[in-house]
Every structure is written in structure tokens, then in C-alpha cells.
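Below you'll find the structure, written out as C-alpha cells, and then a few comments.
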Amino acid sequence: MGRLLKFNIFRYNPQDPESTPHMESFVLEETDSMTLFIVLNRIREEQDPSLQFDFCCRAGICGSCGMVINGRPGLACHTKTKDLPEEITLLPLPVFQLVGDLSVDTGSWFRELYDTVESWIHTKKQFDPNAPEERMEDAVAESIYELDRCIECGCCVAACGTARMRPDFLGAAGINKVGRFLIDPRDERTEQDYYEIIGNDMGIFGCMGLLACEDVCPKHMPLQDQLGFLRRKMGITALKNFFRK
Amino acid sequence: MQVPLTANHQSLRNHRLDGVLDWAQMLSGVGLILFMWAHMLLVGSVLLSPGIMNGIADFFESSGMAQVGGPLIFLLFLGHFVLAARKIPFRLEGQKTILEQAKLLHHQDTWLWVVQATTAMVILIMGAIHMWAVLSDLPIVALKCAETLQKNSGWLLFYLVLAPLVHVHLGIGLYRIAVKWGFVGRAGRKGLKRFVNLLILVSVGISVLTLFRFWFMTV
């Protein structure tokens, strides 16, 4: 017989005036290779069909099942119960708007982020659908891909002390997004254009270097290095602007 | 097709000062770190001999560096506080948020920031008292320092609190600057932490030994 696991789960439905935020406990027997994704589905199927949580791919790709697992933001589908103690507390990700129980609306937050950082290739070239795709050095393509691996689960934002204190902070996901376009040769934005977006306390200079983003990222994105690189780059732009006044 | 905006017009130079203030915060921090290490070594020279310490103090006083440099360091100290305070929550709401976050995450670097901000407040007050007490009673002589500590053990207690707090704050600050500006990357973070821990231990050790040297000095 497997361990009996106790799950303390945050329950609250903001749509229901009768509902109040509280914790509810569920007990489940552990099975082989059990993930929190399996746990939550079993609880919903066997014990409480009203339990709300998000999932889609169950493979760490869609970024829907981010939640706070024993204090740390992480993906439910990526987290095996064998790595956790017998008592497990699950909370919704902070910062984002609560949909209900463990489900939060990361979509609207990221939508706003895309608008702020203008998360698309900026070019004056007219797109020719018949022309062969422009070539790019392998090394450049790989570095872009490395930064594009972000699945936008929101774990880095939820773990960030700055994001908790300042709602306008772009978070590691947002700043990393700018870094991704900055190294893309197809994007014609200048250093000043990027500085306009992240060269302030809402962006890179707001980052206090707590590095929780780096430590919780389920995709192990190189956030520490990326934030350091952008701080230096934007720092130099700040000095150039200051002394050219 | 949506027309991208930014690339199609000449970009304006951004005059926001956030980046310059971030530089100033970092550089004032580095300046204070260097000053404090020098200060620790100069005062710590009493461990070798009170004569060496007196000689060094006399050099700084007779050349006027203590009289001019002291107030300048005090200004740098206040300036660093004002710059760093931009990031510290002074409202209860913000303080509760960051404390809750640190407790929830069990994340060392988030806790280190809480320690850094808290020690900053104590150092602001105690450091100001220390600077006033020393600079308003020049010259600095080993025997006089010993007498002050021995006559009033409150001063010993004061420095036994202040010195470790300063070195912990300095260590965390150094670590933070290195990782925040990317001078130390992902691969070097663990090693940097070990180095900073050792640095704090050695610095606190030298400072405490210096204090006890004064405490046990024959006056």
C-alpha cells in the first residue's frame, strides 16, 4: 500500500457570494509515478467535482497548471508526489486574478504584457509569402530558441518579491521576452526602443535581484544571466542618454 | 495587416533617470563596501599594535582626510540610503507582502533581501550615531577608544551589534550587486555565496577581535 497523502487545498469561488476563502483537506493513496496533475484529477473525479484547477497538456508545455506547491510556484504536471512529504499544501499563484480554487487567469496578464513589450517582430520590410525564409546563423537561432522556451506559466512572476509589491513590474517573463527580440536580427527596433520599454523601474531597473524566478522556473530558463545581461545593456544606454543631454 | 509602430518612426531619446539612479545605488554601495573594508583593516591594525593604529589615524587627521573625508563618507552613506530606499517598502502593506512572500517561498535569497533591508534601517541609525561620536571627538587614539569602551560597556554592546550587522549587510550587498548586474552568472552563484559567507565570517571575526583588543587594553 502506498503512502496516504493529505492535500490541503485552497478553496474559494469569487463568483459565488456565499463562498469564503478557506483550506480544504483531501486524503489520497499514493500510486506509482503519481503527479499532482493525477492527484487533482482523481480528487475531482472521486471526491469533489467542484474543484477548479487548470490543465491542458499534462507534459509541462502549456503552462496552465502553475500553482504554489508547499510554498513554491511550480507546475502540477511536472511535480511527482514521491518528491513531496505526506502533507501537501496547494495554493493558487499570487499576482494573477483568481478564477476559482487553484485556477488563475494568467492569460489576461500575459496579454497585457505582450502589448506593453510589443511582443512581435518589428520590421519595415513587406512580407512576401512567396520568398524563401531569410537565413539566420545557427548560433543566433539557438539563442533565440533558448529564450523562446518560456511557456508563460507565471511561476517566475508569482515567485518574484518585486512583482508582489509592484503590480506594474514586468517580471522575468516580460523582461526575458524583450531580450528575445533584442537578439533577433529580424527585429529592427533600436536600443532606444527597447530602453523605452524596459529601461525603467517597471522593467529591468525594478528587478531587485532576489532570483526566485531563476530558482522556480520549471523550464530552467537562464533568467539570472538574462536579467544581468539586460541590466548591463540598458544601464549603458541609460548612461549614454544621461551624458548626451 | 497591423503596421508595427516603433520601427517606423525615429525613436526619441529616453530621459528617464531610473537607470542612472540604479547605477548610483550600485556605485555608492560599492564605495561604501570598499570604505568599510579599509576602515575595518585600519582600526583592526590595533591587533598588531596600538602604535600602528595611532600612526594611521594621525596620518589621516594631520592630512585633513578624516576631517574632510568623514563628512563626505557620511553624505555617501545618506545618499546610498536614499537611493536604495526607492526599493524598500515603507508602508505596512508592502512590508507585510514581502514578509509573507519570504515565508511562503522558503527562499533564501528573498530572505536575504529582508535581512538586507532590515539591517539597513538599524545601520542608518547606529552608523549615524557612531560617525557623530567619532568625528566630533577627534583625534582617534587607541587608548582613548579603549577608555571609552571600558568606561561604558554600553558602547561595547553598541559596537558588538553594529559591526556584525554592517558586515552582513555588506556581504549581502556585494552578492546582490554581483548577481543582479550579471558580473557573476548562473554557474558562479553557489561559489559566490560560499565566498561571501567566508568574507562575512572573517570580517565579523576581525571586528569582534578588534573590539575585545580595546576592551582588554591597559588604560
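By convention in this document, the chains of the C-alpha cells carry letters A, B, ... by their order, each chain's residues are numbered from 1, and ligands are numbered from 1 in the order they are shown.
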Inset, instruction - Could you please select, counting only C-alpha atoms, the residues of chain A within 8 Å of chain B and state them as a PyMOL selection string? - result: chain A and resi 71-72+122-124+159+161+164-165+188-190+192-193+195-196+199-201+205-212+222+224-225+227-229+231-232+234-235+238-239+241-242
Inset, instruction - List the neighbours of B:Gly79 out to 10 Å using only C-alpha atoms; skip same-chain residues closer than 3 positions along the sequence, and give me the result as number ranges by chain. - result: B: 24-25, 28-29, 73-76, 82-85
Legend entry - stretch 133-148 of chain A environment, 8 Å, only C-alpha atoms, sequence neighbours closer than 2 positions dropped, as a ChimeraX atom specification: /A:131,150,176-177,179-181,183-184,221-222
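The space between atom CA of B:Gly55 and atom CA of B:Ile206 spans 19.4 Å.
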Legend entry - Between atom CA of A:Phe53 and atom CA of A:Leu98 - distance in Å to one decimal: 10.6 Å
Legend entry - atom CA of B:Val134 to atom CA of B:Ser153, straight-line distance in Å: 16.6 Å
Inset, instruction - With a distance cut-off of 7 Å and only C-alpha atoms, select the neighbouring residues of stretch 37-45 of chain A, excluding the residue or stretch itself and same-chain residues fewer than 6 positions from it, and output the selection as a PyMOL selection string. - result: chain A and resi 51+58+76-77
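For stretch 92-205 of chain A, backbone-based DSSP assignment of strand (DSSP E or B) covers A:Gln97, A:Leu98, A:Val99, A:Gly100, A:Ser103, A:Val104, A:Asp105.
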Inset, instruction - Excluding stretch 35-51 of chain B and residues on its chain fewer than 3 positions from it, collect all residues at most 8 Å away from it, counting only C-alpha atoms, and give them as a PyMOL selection string. - result: chain B and resi 31-32+54-56+142-143+203+206-207+209-210+213
